[in-house]
$ cat protein.cif   # mmCIF, C-alpha atoms
data_upload
#
loop_
_atom_site.label_atom_id
_atom_site.label_comp_id
_atom_site.auth_asym_id
_atom_site.auth_seq_id
_atom_site.Cartn_x
_atom_site.Cartn_y
_atom_site.Cartn_z
CA MET W 1 72.79 113.40 135.50
CA SER W 2 73.10 109.69 134.76
CA GLU W 3 75.91 107.54 136.12
CA SER W 4 77.62 107.60 132.73
CA ASP W 5 77.31 111.41 132.55
CA ASP W 6 78.88 111.66 135.99
CA LEU W 7 81.71 109.38 134.91
CA ASN W 8 82.36 111.37 131.72
CA ALA W 9 82.40 114.60 133.71
CA ALA W 10 84.84 113.14 136.24
CA ALA W 11 87.18 112.05 133.45
CA ALA W 12 87.02 115.52 131.90
CA ALA W 13 87.89 117.17 135.21
CA LEU W 14 90.95 114.95 135.53
CA MET W 15 92.40 115.85 132.13
CA PRO W 16 94.68 118.81 133.03
CA ASP W 17 96.54 116.53 135.45
CA VAL W 18 96.58 113.66 132.93
CA ILE W 19 97.98 115.82 130.12
CA GLU W 20 100.70 117.24 132.37
CA ARG W 21 101.77 113.73 133.32
CA LEU W 22 101.68 112.52 129.72
CA GLU W 23 103.94 115.37 128.64
CA ALA W 24 106.43 114.54 131.38
CA LEU W 25 106.56 110.91 130.24
CA VAL W 26 107.08 111.83 126.57
CA ARG W 27 110.23 113.75 127.54
CA ILE W 28 111.89 110.50 128.70
CA ARG W 29 113.70 108.83 125.78
CA SER W 30 112.82 105.29 126.74
CA VAL W 31 114.07 103.47 123.63
CA ALA W 32 114.85 99.89 124.66
CA PHE W 33 116.44 98.84 121.36
CA PRO W 34 119.94 97.33 121.59
CA GLY W 35 122.62 99.99 121.25
CA PHE W 36 120.57 102.79 122.84
CA ASP W 37 121.35 104.33 126.22
CA PRO W 38 119.68 102.12 128.86
CA GLU W 39 119.53 104.86 131.49
CA PRO W 40 116.39 106.60 130.13
CA VAL W 41 114.63 103.23 129.98
CA HIS W 42 115.35 102.59 133.65
CA ALA W 43 114.33 106.16 134.47
CA MET W 44 111.06 105.58 132.65
CA GLY W 45 110.39 102.43 134.64
CA GLN W 46 110.75 104.37 137.88
CA ALA W 47 108.61 107.18 136.47
CA VAL W 48 105.80 104.66 135.90
CA VAL W 49 106.13 103.39 139.48
CA ASP W 50 105.79 106.99 140.67
CA LEU W 51 102.86 107.61 138.30
CA PHE W 52 100.75 104.78 139.67
CA THR W 53 101.79 105.47 143.25
CA ASP W 54 100.50 109.03 142.77
CA ALA W 55 97.25 107.52 141.47
CA GLY W 56 96.76 105.84 144.86
CA ALA W 57 98.07 102.37 144.02
CA GLU W 58 99.80 100.57 146.86
CA GLY W 59 102.95 98.51 146.55
CA VAL W 60 103.82 99.41 142.98
CA ARG W 61 107.26 98.00 142.23
CA LEU W 62 109.74 97.00 139.55
CA LEU W 63 110.18 93.30 138.88
CA ASP W 64 113.40 92.06 137.31
CA VAL W 65 112.77 90.31 134.00
CA PRO W 66 115.62 87.92 133.13
CA ASP W 67 117.76 89.25 130.27
CA GLY W 68 115.48 92.24 129.82
CA TYR W 69 114.31 95.53 131.26
CA PRO W 70 112.18 95.36 134.41
CA CYS W 71 108.41 95.44 134.32
CA VAL W 72 106.21 97.53 136.60
CA TYR W 73 103.83 95.48 138.72
CA ALA W 74 101.20 95.94 141.41
CA ASP W 75 98.48 93.77 142.91
CA LEU W 76 95.75 95.97 144.38
CA PRO W 77 93.20 94.24 146.60
CA GLY W 78 89.45 94.44 146.10
CA PRO W 79 86.37 93.02 147.82
CA GLU W 80 86.51 89.33 148.62
CA GLY W 81 85.08 87.22 145.82
CA SER W 82 85.34 89.99 143.22
CA PRO W 83 86.99 89.33 139.85
CA THR W 84 90.54 90.37 138.98
CA VAL W 85 91.24 92.82 136.17
CA LEU W 86 94.81 93.30 134.91
CA LEU W 87 95.70 96.58 133.19
CA TYR W 88 98.58 96.35 130.71
CA ALA W 89 100.64 98.93 128.82
CA HIS W 90 104.30 99.39 127.89
CA TYR W 91 106.73 102.16 128.74
CA ASP W 92 109.33 101.73 125.98
CA VAL W 93 109.04 103.57 122.67
CA GLN W 94 110.28 103.42 119.12
CA PRO W 95 113.39 105.41 118.13
CA ALA W 96 112.90 108.79 116.47
CA PRO W 97 115.86 109.15 114.06
CA GLU W 98 116.53 112.36 112.17
CA SER W 99 115.79 110.49 108.94
CA GLN W 100 112.10 110.45 109.89
CA ASN W 101 111.98 114.25 109.44
CA TRP W 102 109.78 115.21 112.36
CA SER W 103 108.22 118.68 112.14
CA SER W 104 108.95 119.25 115.85
CA ASP W 105 111.28 117.83 118.49
CA PRO W 106 110.02 114.26 119.10
CA TRP W 107 111.16 114.39 122.73
CA GLU W 108 109.48 117.70 123.56
CA PRO W 109 105.68 117.32 123.61
CA VAL W 110 103.76 120.06 121.86
CA THR W 111 100.06 120.68 121.38
CA LYS W 112 99.47 121.91 117.84
CA GLU W 113 96.57 123.75 116.22
CA ASP W 114 94.61 120.54 115.70
CA GLY W 115 94.55 120.01 119.47
CA ARG W 116 96.64 116.83 119.33
CA ILE W 117 99.72 116.26 121.49
CA TYR W 118 102.80 115.44 119.39
CA GLY W 119 105.86 113.50 120.53
CA ARG W 120 107.41 110.06 120.41
CA GLY W 121 105.33 107.74 122.56
CA ALA W 122 102.51 110.26 123.04
CA ALA W 123 100.20 107.63 121.59
CA ASP W 124 102.22 104.39 121.63
CA ASP W 125 102.06 103.72 124.47
CA LYS W 126 102.35 106.49 127.02
CA SER W 127 98.72 107.30 126.32
CA GLY W 128 97.95 103.84 127.68
CA LEU W 129 99.89 104.63 130.84
CA VAL W 130 97.92 107.78 131.60
CA ILE W 131 94.62 106.08 130.74
CA HIS W 132 95.43 103.52 133.44
CA TYR W 133 96.50 106.35 135.75
CA GLY W 134 93.17 108.11 135.25
CA THR W 135 91.31 104.84 135.73
CA LEU W 136 92.93 104.27 139.12
CA LYS W 137 92.29 107.87 140.14
CA LEU W 138 88.58 107.62 139.39
CA LEU W 139 88.17 104.18 140.95
CA GLY W 140 89.72 105.51 144.15
CA PRO W 141 90.74 103.43 147.17
CA ASP W 142 87.39 101.59 147.28
CA ARG W 143 88.00 99.64 144.09
CA PRO W 144 85.11 97.33 143.14
CA CYS W 145 87.50 94.50 142.29
CA ARG W 146 91.08 93.33 142.54
CA VAL W 147 93.25 95.22 140.04
CA LYS W 148 96.69 94.18 138.82
CA LEU W 149 99.07 96.42 136.91
CA LEU W 150 101.62 95.17 134.38
CA VAL W 151 103.75 97.56 132.33
CA GLU W 152 106.65 96.22 130.30
CA GLY W 153 109.77 97.92 129.01
CA GLU W 154 110.50 95.92 125.84
CA GLU W 155 107.31 95.72 123.80
CA GLU W 156 108.84 97.56 120.85
CA THR W 157 111.88 95.30 120.65
CA ILE W 158 112.47 91.60 121.36
CA SER W 159 110.55 91.18 124.60
CA HIS W 160 111.57 88.87 127.43
CA LEU W 161 108.29 89.36 129.28
CA GLU W 162 106.35 86.45 127.76
CA ALA W 163 108.63 83.81 129.30
CA PHE W 164 108.59 85.66 132.63
CA VAL W 165 104.78 85.77 132.69
CA GLU W 166 104.48 82.09 131.84
CA ALA W 167 107.03 81.21 134.55
CA ASN W 168 105.07 83.17 137.19
CA PRO W 169 101.39 82.45 136.46
CA ASP W 170 100.13 83.31 139.95
CA LEU W 171 101.41 86.88 139.62
CA PHE W 172 99.58 87.50 136.37
CA ALA W 173 96.39 85.42 136.61
CA ALA W 174 93.22 87.44 136.02
CA ASP W 175 89.59 87.21 134.90
CA ALA W 176 90.00 89.98 132.35
CA TYR W 177 93.03 91.62 130.75
CA VAL W 178 92.86 95.19 129.46
CA ILE W 179 95.53 95.82 126.82
CA GLY W 180 95.73 99.60 126.50
CA ASP W 181 97.89 99.68 123.36
CA ILE W 182 95.66 100.14 120.33
CA GLY W 183 92.72 102.32 119.23
CA GLY W 184 89.76 102.92 116.95
CA GLN W 185 89.78 103.92 113.31
CA SER W 186 89.51 107.64 113.97
CA VAL W 187 88.79 110.11 116.76
CA GLY W 188 85.29 109.75 118.18
CA ARG W 189 84.76 106.28 116.70
CA PRO W 190 85.06 103.69 119.49
CA GLY W 191 86.74 100.52 118.35
CA LEU W 192 87.01 97.22 120.18
CA THR W 193 89.66 95.06 118.56
CA THR W 194 88.46 91.48 118.32
CA ALA W 195 91.33 89.93 116.34
CA LEU W 196 95.07 90.36 115.98
CA ARG W 197 97.24 88.99 113.25
CA GLY W 198 100.34 87.21 114.49
CA ASP W 199 103.87 88.19 113.55
CA VAL W 200 106.65 85.75 112.67
CA ALA W 201 110.09 86.89 111.58
CA CYS W 202 113.30 85.45 110.19
CA THR W 203 116.47 86.43 108.39
CA VAL W 204 117.59 85.13 105.00
CA THR W 205 121.21 85.31 103.87
CA VAL W 206 122.21 84.80 100.24
CA ARG W 207 125.81 84.03 99.19
CA THR W 208 127.10 83.70 95.64
CA LEU W 209 130.83 84.58 95.80
CA ALA W 210 133.72 84.06 98.18
CA PHE W 211 134.56 87.79 98.12
CA PRO W 212 133.66 90.96 96.17
CA VAL W 213 134.92 91.12 92.59
CA HIS W 214 135.02 93.75 89.85
CA SER W 215 131.59 94.04 88.20
CA GLY W 216 133.04 94.95 84.81
CA GLU W 217 135.57 92.17 84.71
CA PHE W 218 133.33 89.41 86.06
CA GLY W 219 129.75 90.66 85.72
CA GLY W 220 127.55 88.91 83.20
CA ALA W 221 128.41 85.39 84.22
CA ALA W 222 129.18 85.51 87.94
CA PRO W 223 125.92 86.26 89.86
CA ASP W 224 125.99 88.82 92.62
CA ALA W 225 124.08 88.16 95.85
CA MET W 226 121.85 91.22 95.55
CA THR W 227 120.42 90.10 92.22
CA ALA W 228 119.71 86.66 93.67
CA MET W 229 118.09 88.22 96.73
CA ILE W 230 115.82 90.33 94.51
CA ARG W 231 114.64 87.19 92.73
CA ILE W 232 113.84 85.50 96.05
CA LEU W 233 112.01 88.46 97.55
CA ASP W 234 109.99 89.05 94.38
CA SER W 235 108.65 85.50 94.58
CA LEU W 236 106.97 86.18 97.94
CA HIS W 237 104.04 87.97 96.24
CA ASP W 238 101.91 87.14 93.21
CA GLU W 239 101.06 89.56 90.41
CA HIS W 240 98.25 91.09 92.52
CA GLY W 241 100.44 91.68 95.55
CA ASP W 242 98.95 88.85 97.61
CA THR W 243 101.35 86.82 99.73
CA ALA W 244 102.16 83.67 97.76
CA ILE W 245 103.75 81.14 100.12
CA PRO W 246 102.46 77.57 99.80
CA GLY W 247 100.43 76.47 102.82
CA VAL W 248 100.01 79.95 104.35
CA PRO W 249 96.23 80.54 104.51
CA SER W 250 94.03 83.61 104.04
CA GLY W 251 90.68 84.48 105.63
CA THR W 252 87.79 86.93 105.39
CA TRP W 253 86.79 89.67 107.83
CA GLU W 254 83.26 89.63 109.25
CA GLY W 255 83.32 92.65 111.57
CA ALA W 256 83.19 96.37 110.79
CA ASP W 257 84.67 97.53 107.49
CA MET W 258 87.96 99.36 107.35
CA ASP W 259 87.25 102.94 106.27
CA GLU W 260 89.20 103.49 103.03
CA ASP W 261 89.67 107.22 103.64
CA VAL W 262 90.99 106.50 107.13
CA TYR W 263 93.33 103.85 105.77
CA ARG W 264 94.64 106.04 102.95
CA GLY W 265 95.34 108.89 105.33
CA GLY W 266 96.89 106.75 108.04
CA SER W 267 99.03 104.67 105.69
CA ALA W 268 100.37 107.70 103.79
CA ILE W 269 99.90 105.99 100.39
CA LEU W 270 100.88 108.44 97.67
CA PRO W 271 98.25 109.64 95.18
CA GLY W 272 97.90 107.20 92.31
CA VAL W 273 99.65 104.32 94.08
CA ASP W 274 97.51 101.15 94.11
CA PHE W 275 96.65 98.95 97.06
CA LEU W 276 98.25 95.53 97.24
CA GLY W 277 96.27 92.30 97.11
CA THR W 278 92.72 91.20 96.46
CA GLY W 279 89.52 91.02 98.51
CA SER W 280 88.05 93.74 100.71
CA LEU W 281 90.35 96.24 102.39
CA SER W 282 89.39 94.73 105.75
CA ASP W 283 90.34 91.26 104.50
CA ARG W 284 93.73 92.44 103.32
CA ILE W 285 94.83 94.09 106.55
CA TRP W 286 93.03 92.01 109.20
CA ALA W 287 92.39 88.54 107.74
CA LYS W 288 95.09 87.81 105.16
CA PRO W 289 98.84 87.23 105.55
CA SER W 290 101.38 89.83 104.49
CA VAL W 291 105.15 89.66 104.12
CA THR W 292 107.36 92.71 104.61
CA VAL W 293 111.09 93.14 104.07
CA LEU W 294 112.10 95.06 107.19
CA GLY W 295 115.72 95.68 106.26
CA MET W 296 118.78 94.52 104.35
CA ASP W 297 122.51 94.55 104.96
CA LEU W 298 124.08 95.95 101.77
CA PRO W 299 125.99 99.05 100.70
CA SER W 300 124.18 102.38 100.54
CA THR W 301 124.26 104.37 97.31
CA ALA W 302 126.89 106.62 98.86
CA GLU W 303 129.08 103.58 99.57
CA ALA W 304 128.41 101.77 96.28
CA SER W 305 131.33 100.69 94.12
CA ASN W 306 131.71 98.67 90.94
CA VAL W 307 131.72 95.25 92.53
CA LEU W 308 129.55 92.16 92.58
CA LEU W 309 128.28 91.60 96.13
CA PRO W 310 129.22 88.23 97.62
CA GLU W 311 126.60 88.21 100.39
CA VAL W 312 123.35 89.99 101.28
CA LYS W 313 121.19 89.51 104.36
CA ALA W 314 117.54 90.52 104.78
CA LYS W 315 115.11 90.49 107.70
CA LEU W 316 111.52 89.51 106.91
CA SER W 317 108.31 89.77 108.90
CA MET W 318 105.14 87.89 108.02
CA ARG W 319 101.77 88.77 109.54
CA ILE W 320 99.61 85.67 109.93
CA ILE W 321 95.86 85.33 110.31
CA PRO W 322 93.95 84.45 113.51
CA GLY W 323 93.41 80.75 114.10
CA VAL W 324 96.71 79.42 112.76
CA ASP W 325 99.76 78.02 114.54
CA ALA W 326 102.55 80.60 114.48
CA GLU W 327 105.43 78.13 114.62
CA GLU W 328 103.98 76.20 111.70
CA GLN W 329 103.53 79.39 109.67
CA LEU W 330 107.10 80.49 110.39
CA ASN W 331 108.39 77.10 109.27
CA LEU W 332 106.43 77.39 106.03
CA LEU W 333 108.01 80.78 105.36
CA MET W 334 111.51 79.56 106.22
CA ASP W 335 111.18 76.37 104.16
CA TYR W 336 109.97 78.37 101.19
CA LEU W 337 112.92 80.76 101.41
CA ARG W 338 115.34 77.84 101.59
CA SER W 339 113.79 76.36 98.46
CA GLN W 340 114.42 79.53 96.44
CA ARG W 341 117.96 79.26 95.10
CA PRO W 342 118.44 81.28 91.91
CA TRP W 343 121.54 80.07 90.07
CA ASN W 344 122.10 77.55 92.90
CA CYS W 345 123.14 80.29 95.30
CA GLU W 346 123.65 79.49 98.98
CA VAL W 347 120.63 80.39 101.13
CA THR W 348 120.65 80.38 104.94
CA VAL W 349 117.46 81.11 106.91
CA GLU W 350 117.31 81.71 110.67
CA LYS W 351 114.39 82.29 113.04
CA VAL W 352 114.05 85.68 114.75
CA LYS W 353 110.74 85.46 116.64
CA THR W 354 107.23 84.04 116.78
CA GLY W 355 104.18 86.11 117.75
CA TYR W 356 100.84 84.33 117.92
CA PRO W 357 97.58 85.66 116.45
CA PHE W 358 94.49 86.10 118.59
CA HIS W 359 90.70 86.19 118.32
CA VAL W 360 88.27 87.41 121.01
CA ASP W 361 85.38 85.39 122.41
CA GLU W 362 82.75 88.06 121.80
CA SER W 363 80.21 86.39 124.12
CA HIS W 364 82.38 86.73 127.22
CA PRO W 365 80.73 88.93 129.91
CA ALA W 366 83.80 91.18 129.95
CA ILE W 367 83.54 91.84 126.22
CA VAL W 368 79.83 92.63 126.56
CA ALA W 369 80.59 94.99 129.45
CA ALA W 370 83.37 96.65 127.44
CA GLU W 371 81.08 97.35 124.49
CA GLU W 372 78.46 98.87 126.78
CA ALA W 373 81.07 101.04 128.51
CA LEU W 374 82.49 102.25 125.21
CA THR W 375 79.04 103.17 123.94
CA GLU W 376 78.34 105.24 127.05
CA ALA W 377 81.73 106.96 126.99
CA TYR W 378 81.56 107.88 123.29
CA GLY W 379 77.82 108.20 122.79
CA VAL W 380 77.91 106.22 119.52
CA GLU W 381 77.84 102.59 118.44
CA VAL W 382 80.99 100.52 118.89
CA GLU W 383 82.85 99.06 115.90
CA GLN W 384 84.32 95.59 116.15
CA ILE W 385 87.59 95.90 114.26
CA GLY W 386 90.75 93.91 113.69
CA SER W 387 94.40 94.81 113.82
CA GLY W 388 97.20 93.88 111.48
CA ALA W 389 99.59 94.43 114.36
CA SER W 390 100.48 91.80 116.93
CA ILE W 391 100.89 91.90 120.71
CA PRO W 392 102.91 88.77 121.57
CA LEU W 393 102.10 88.94 125.29
CA VAL W 394 98.44 88.12 124.56
CA ALA W 395 99.32 84.48 123.86
CA SER W 396 101.17 84.21 127.17
CA LEU W 397 98.27 85.73 129.10
CA LYS W 398 95.90 83.19 127.54
CA LYS W 399 98.20 80.40 128.73
CA VAL W 400 98.12 81.81 132.27
CA SER W 401 94.32 82.28 132.35
CA PRO W 402 92.68 80.41 129.45
CA ASP W 403 89.14 81.46 130.40
CA ALA W 404 89.91 85.15 130.82
CA ALA W 405 88.72 87.82 128.41
CA ILE W 406 91.25 90.05 126.68
CA LEU W 407 90.20 93.61 125.83
CA LEU W 408 92.20 95.44 123.17
CA TRP W 409 91.57 99.18 123.02
CA GLY W 410 93.12 102.58 123.64
CA ALA W 411 93.70 106.07 122.25
CA GLU W 412 95.88 105.22 119.21
CA ASP W 413 93.51 106.12 116.36
CA THR W 414 94.50 104.69 112.97
CA ALA W 415 93.76 107.86 111.03
CA GLN W 416 96.20 110.26 112.67
CA SER W 417 98.32 108.74 115.46
CA ARG W 418 101.20 107.74 113.13
CA ILE W 419 102.68 105.35 115.67
CA HIS W 420 106.28 104.29 114.89
CA ALA W 421 106.49 107.12 112.34
CA SER W 422 107.30 110.83 112.31
CA ASP W 423 104.94 113.25 114.05
CA GLU W 424 103.33 110.64 116.26
CA SER W 425 100.43 112.19 118.17
CA VAL W 426 97.39 111.55 120.33
CA ASP W 427 94.04 113.29 120.70
CA PRO W 428 93.43 114.21 124.37
CA GLY W 429 89.72 113.62 123.86
CA GLU W 430 90.43 109.95 123.12
CA ILE W 431 92.35 109.63 126.38
CA GLU W 432 89.48 111.26 128.26
CA ARG W 433 86.86 108.97 126.73
CA MET W 434 89.00 105.87 127.30
CA ILE W 435 89.44 106.71 131.00
CA ALA W 436 85.68 106.87 131.34
CA ALA W 437 85.28 103.67 129.32
CA GLN W 438 87.76 101.72 131.44
CA VAL W 439 86.17 102.74 134.71
CA GLY W 440 82.72 102.00 133.29
CA PHE W 441 83.90 98.62 132.04
CA ILE W 442 85.29 97.59 135.44
CA ARG W 443 82.07 98.53 137.21
CA LYS W 444 79.89 96.74 134.65
CA PHE W 445 82.06 93.63 134.59
CA VAL W 446 82.03 93.37 138.38
CA ALA W 447 78.24 93.73 138.38
CA ALA W 448 77.89 91.06 135.69
CA GLU W 449 80.12 88.65 137.59
CA ALA W 450 78.13 89.24 140.79
CA GLU W 451 74.94 88.25 138.99
#
$ encode --input "protein.cif" --output "structure tokens"
Amino acid sequence: MSESDDLNAAAAALMPDVIERLEALVRIRSVAFPGFDPEPVHAMGQAVVDLFTDAGAEGVRLLDVPDGYPCVYADLPGPEGSPTVLLYAHYDVQPAPESQNWSSDPWEPVTKEDGRIYGRGAADDKSGLVIHYGTLKLLGPDRPCRVKLLVEGEEETISHLEAFVEANPDLFAADAYVIGDIGGQSVGRPGLTTALRGDVACTVTVRTLAFPVHSGEFGGAAPDAMTAMIRILDSLHDEHGDTAIPGVPSGTWEGADMDEDVYRGGSAILPGVDFLGTGSLSDRIWAKPSVTVLGMDLPSTAEASNVLLPEVKAKLSMRIIPGVDAEEQLNLLMDYLRSQRPWNCEVTVEKVKTGYPFHVDESHPAIVAAEEALTEAYGVEVEQIGSGASIPLVASLKKVSPDAAILLWGAEDTAQSRIHASDESVDPGEIERMIAAQVGFIRKFVAAEAE
């Protein structure tokens, strides 16, 4: 057997243990959103410490993050002069409200007929945790390089980790960062993400009246805030569905194409509903901006009464393309919203967050090693893909180690994982292949650095 065959076989032998540990983690309701019980989040942090300790890591500990949940950290020594690889994942998860209509209990993992493991966080990102666990198990105590571990507890909400990382650069410096929180297009198709869109967000509040008034008595001349808000939000897109904010640029995608069947299945677009925008599908989701209304404060239909609304507030997110300045793009969005004042209504816009976009240096030795390791683990050619999602920590890691490579991969396949949605799931085969790929990558990167 070849070295890669041996590695694949070792990863396969480890899987019963890995699956058992993944299932135990899924049962912990580690939702870090404000208003949720903090105790499961703290329990999850300790569970991650125990997980990596069981994998043979020494000195795994929780670090207090100011104003946030603690992160899990370890600094595992390697041979003198060897590079440092940092493995990242997150232990918090999205909520799983009843309104999502799960087909099984989201907090009780279950393996269904398709072989996938279902449960909140099974893919995003507790799969990343067990991939790192398996990686440490297979590397063993004689690691070929220094390995750092960083697992945060607030990735799904407003994270406080970026400022903490930037304030403690020595703790988090590395030659390569492995972000285990993404995946390929579908099972068996290895994907190396080479670009991330950024994510900027703000709120916009529209006021037209001092207080609610009767819609029959005053409607027709007095504008209500909801109607004004609709006018503003409608102006964010042109007739094709492209984002139409002056100064916000678009790009084109030059890597692998997004598979339309994969996208249709993963996005749950209803039959007959058209795609938004123009250009290739890859352009639209990886290289062009997009604005989404995430939520609005207004009465539900059950609470509706015959009144004109005096005030409505909305939260907006805009995905921005690689290569642009996130603060500048957020300001363009906010300035545009302030300029939209139907019937001279009052408009107030406030910043929520800024997440920077990212693009990989594909010539870096770590990226070359990663592609080789993925090819050997999967047995097929690697696709260089993008992601419409953002991982804000990436920008902070680049500040800490500007010359380091950042690898973005994992077991969260686009086609079926349904992260953040109902019936989230992961394919155990993807976890197995990614364990082999990560170990193979570390060995190849160390060898390349030695040369």
$ resolve_selection --input "protein.cif" --expression "the PyMOL selection byres ((chain W and resi 103-111) around 10)" --output "ChimeraX atom specification"
/W:22-29,95-98,100-102,112-122,422-428
$ write_last_selection --input "protein.cif" --atoms "C-alpha atoms" --output "compact mmCIF listing (two decimals), in the coordinates of the input"
# COMPACT_ATOMS: atom_id res chain seq x y z
CA LEU W 22 101.68 112.52 129.72
CA GLU W 23 103.94 115.37 128.64
CA ALA W 24 106.43 114.54 131.38
CA LEU W 25 106.56 110.91 130.24
CA VAL W 26 107.08 111.83 126.57
CA ARG W 27 110.23 113.75 127.54
CA ILE W 28 111.89 110.50 128.70
CA ARG W 29 113.70 108.83 125.78
CA PRO W 95 113.39 105.41 118.13
CA ALA W 96 112.90 108.79 116.47
CA PRO W 97 115.86 109.15 114.06
CA GLU W 98 116.53 112.36 112.17
CA GLN W 100 112.10 110.45 109.89
CA ASN W 101 111.98 114.25 109.44
CA TRP W 102 109.78 115.21 112.36
CA LYS W 112 99.47 121.91 117.84
CA GLU W 113 96.57 123.75 116.22
CA ASP W 114 94.61 120.54 115.70
CA GLY W 115 94.55 120.01 119.47
CA ARG W 116 96.64 116.83 119.33
CA ILE W 117 99.72 116.26 121.49
CA TYR W 118 102.80 115.44 119.39
CA GLY W 119 105.86 113.50 120.53
CA ARG W 120 107.41 110.06 120.41
CA GLY W 121 105.33 107.74 122.56
CA ALA W 122 102.51 110.26 123.04
CA SER W 422 107.30 110.83 112.31
CA ASP W 423 104.94 113.25 114.05
CA GLU W 424 103.33 110.64 116.26
CA SER W 425 100.43 112.19 118.17
CA VAL W 426 97.39 111.55 120.33
CA ASP W 427 94.04 113.29 120.70
CA PRO W 428 93.43 114.21 124.37
$ atom_distance --input "protein.cif" --atom1 "CA of Gly429 (chain W)" --atom2 "CA of Glu155 (chain W)"
25.1 Å
$ closest_residue --input "protein.cif" --among "W:Val349, W:Ala176, W:Val72, W:Leu171" --to "Asp335 (chain W)" --atoms "only C-alpha atoms"
W:Val349
$ atom_distance --input "protein.cif" --atom1 "CA of Ile320 (chain W)" --atom2 "CA of Asp199 (chain W)"
6.1 Å
$ residues_around --input "protein.cif" --residues "region 33-37 of chain W" --least-positions-apart "3" --cutoff "10 Å" --atoms "all atoms listed in the file" --output "list in words"
Arg29, Ser30, Pro40, Val41, His42, Asp92, Val93, Gln94, Pro95, Glu154, Glu155, Glu156, Thr157 and Ile158 of chain W
$ residues_near_point --input "protein.cif" --point "(99.5, 87.1, 117.2)" --cutoff "6 Å" --atoms "all atoms listed in the file" --output "PyMOL selection string"
chain W and resi 196-199+355-358+390+392
$ build_atoms --input "protein.cif" --residues "region 381-393 of chain W" --atoms "N, CA and C atoms" --output "short mmCIF file (atom, residue, chain, number, x, y, z; two decimals), in the frame of the given file"
data_model
loop_
_atom_site.label_atom_id
_atom_site.label_comp_id
_atom_site.auth_asym_id
_atom_site.auth_seq_id
_atom_site.Cartn_x
_atom_site.Cartn_y
_atom_site.Cartn_z
N GLU W 381 77.71 104.04 118.51
CA GLU W 381 77.84 102.59 118.44
C GLU W 381 79.30 102.18 118.31
N VAL W 382 79.63 101.05 118.90
CA VAL W 382 80.99 100.52 118.89
C VAL W 382 81.24 99.72 117.62
N GLU W 383 82.44 99.86 117.05
CA GLU W 383 82.85 99.06 115.90
C GLU W 383 83.74 97.92 116.36
N GLN W 384 83.42 96.72 115.92
CA GLN W 384 84.32 95.59 116.15
C GLN W 384 85.30 95.54 114.98
N ILE W 385 86.58 95.78 115.29
CA ILE W 385 87.59 95.90 114.26
C ILE W 385 88.72 94.90 114.52
N GLY W 386 89.58 94.75 113.54
CA GLY W 386 90.75 93.91 113.69
C GLY W 386 91.99 94.77 113.76
N SER W 387 93.13 94.10 113.85
CA SER W 387 94.40 94.81 113.82
C SER W 387 95.41 93.95 113.08
N GLY W 388 96.13 94.58 112.17
CA GLY W 388 97.20 93.88 111.48
C GLY W 388 98.42 93.74 112.35
N ALA W 389 98.47 94.50 113.44
CA ALA W 389 99.59 94.43 114.36
C ALA W 389 99.47 93.19 115.25
N SER W 390 100.52 92.93 116.00
CA SER W 390 100.48 91.80 116.93
C SER W 390 100.95 92.28 118.31
N ILE W 391 100.45 91.64 119.34
CA ILE W 391 100.89 91.90 120.71
C ILE W 391 101.25 90.53 121.29
N PRO W 392 102.53 90.14 121.21
CA PRO W 392 102.91 88.77 121.57
C PRO W 392 102.50 88.35 122.97
N LEU W 393 102.43 89.30 123.91
CA LEU W 393 102.10 88.94 125.29
C LEU W 393 100.71 88.32 125.41
#
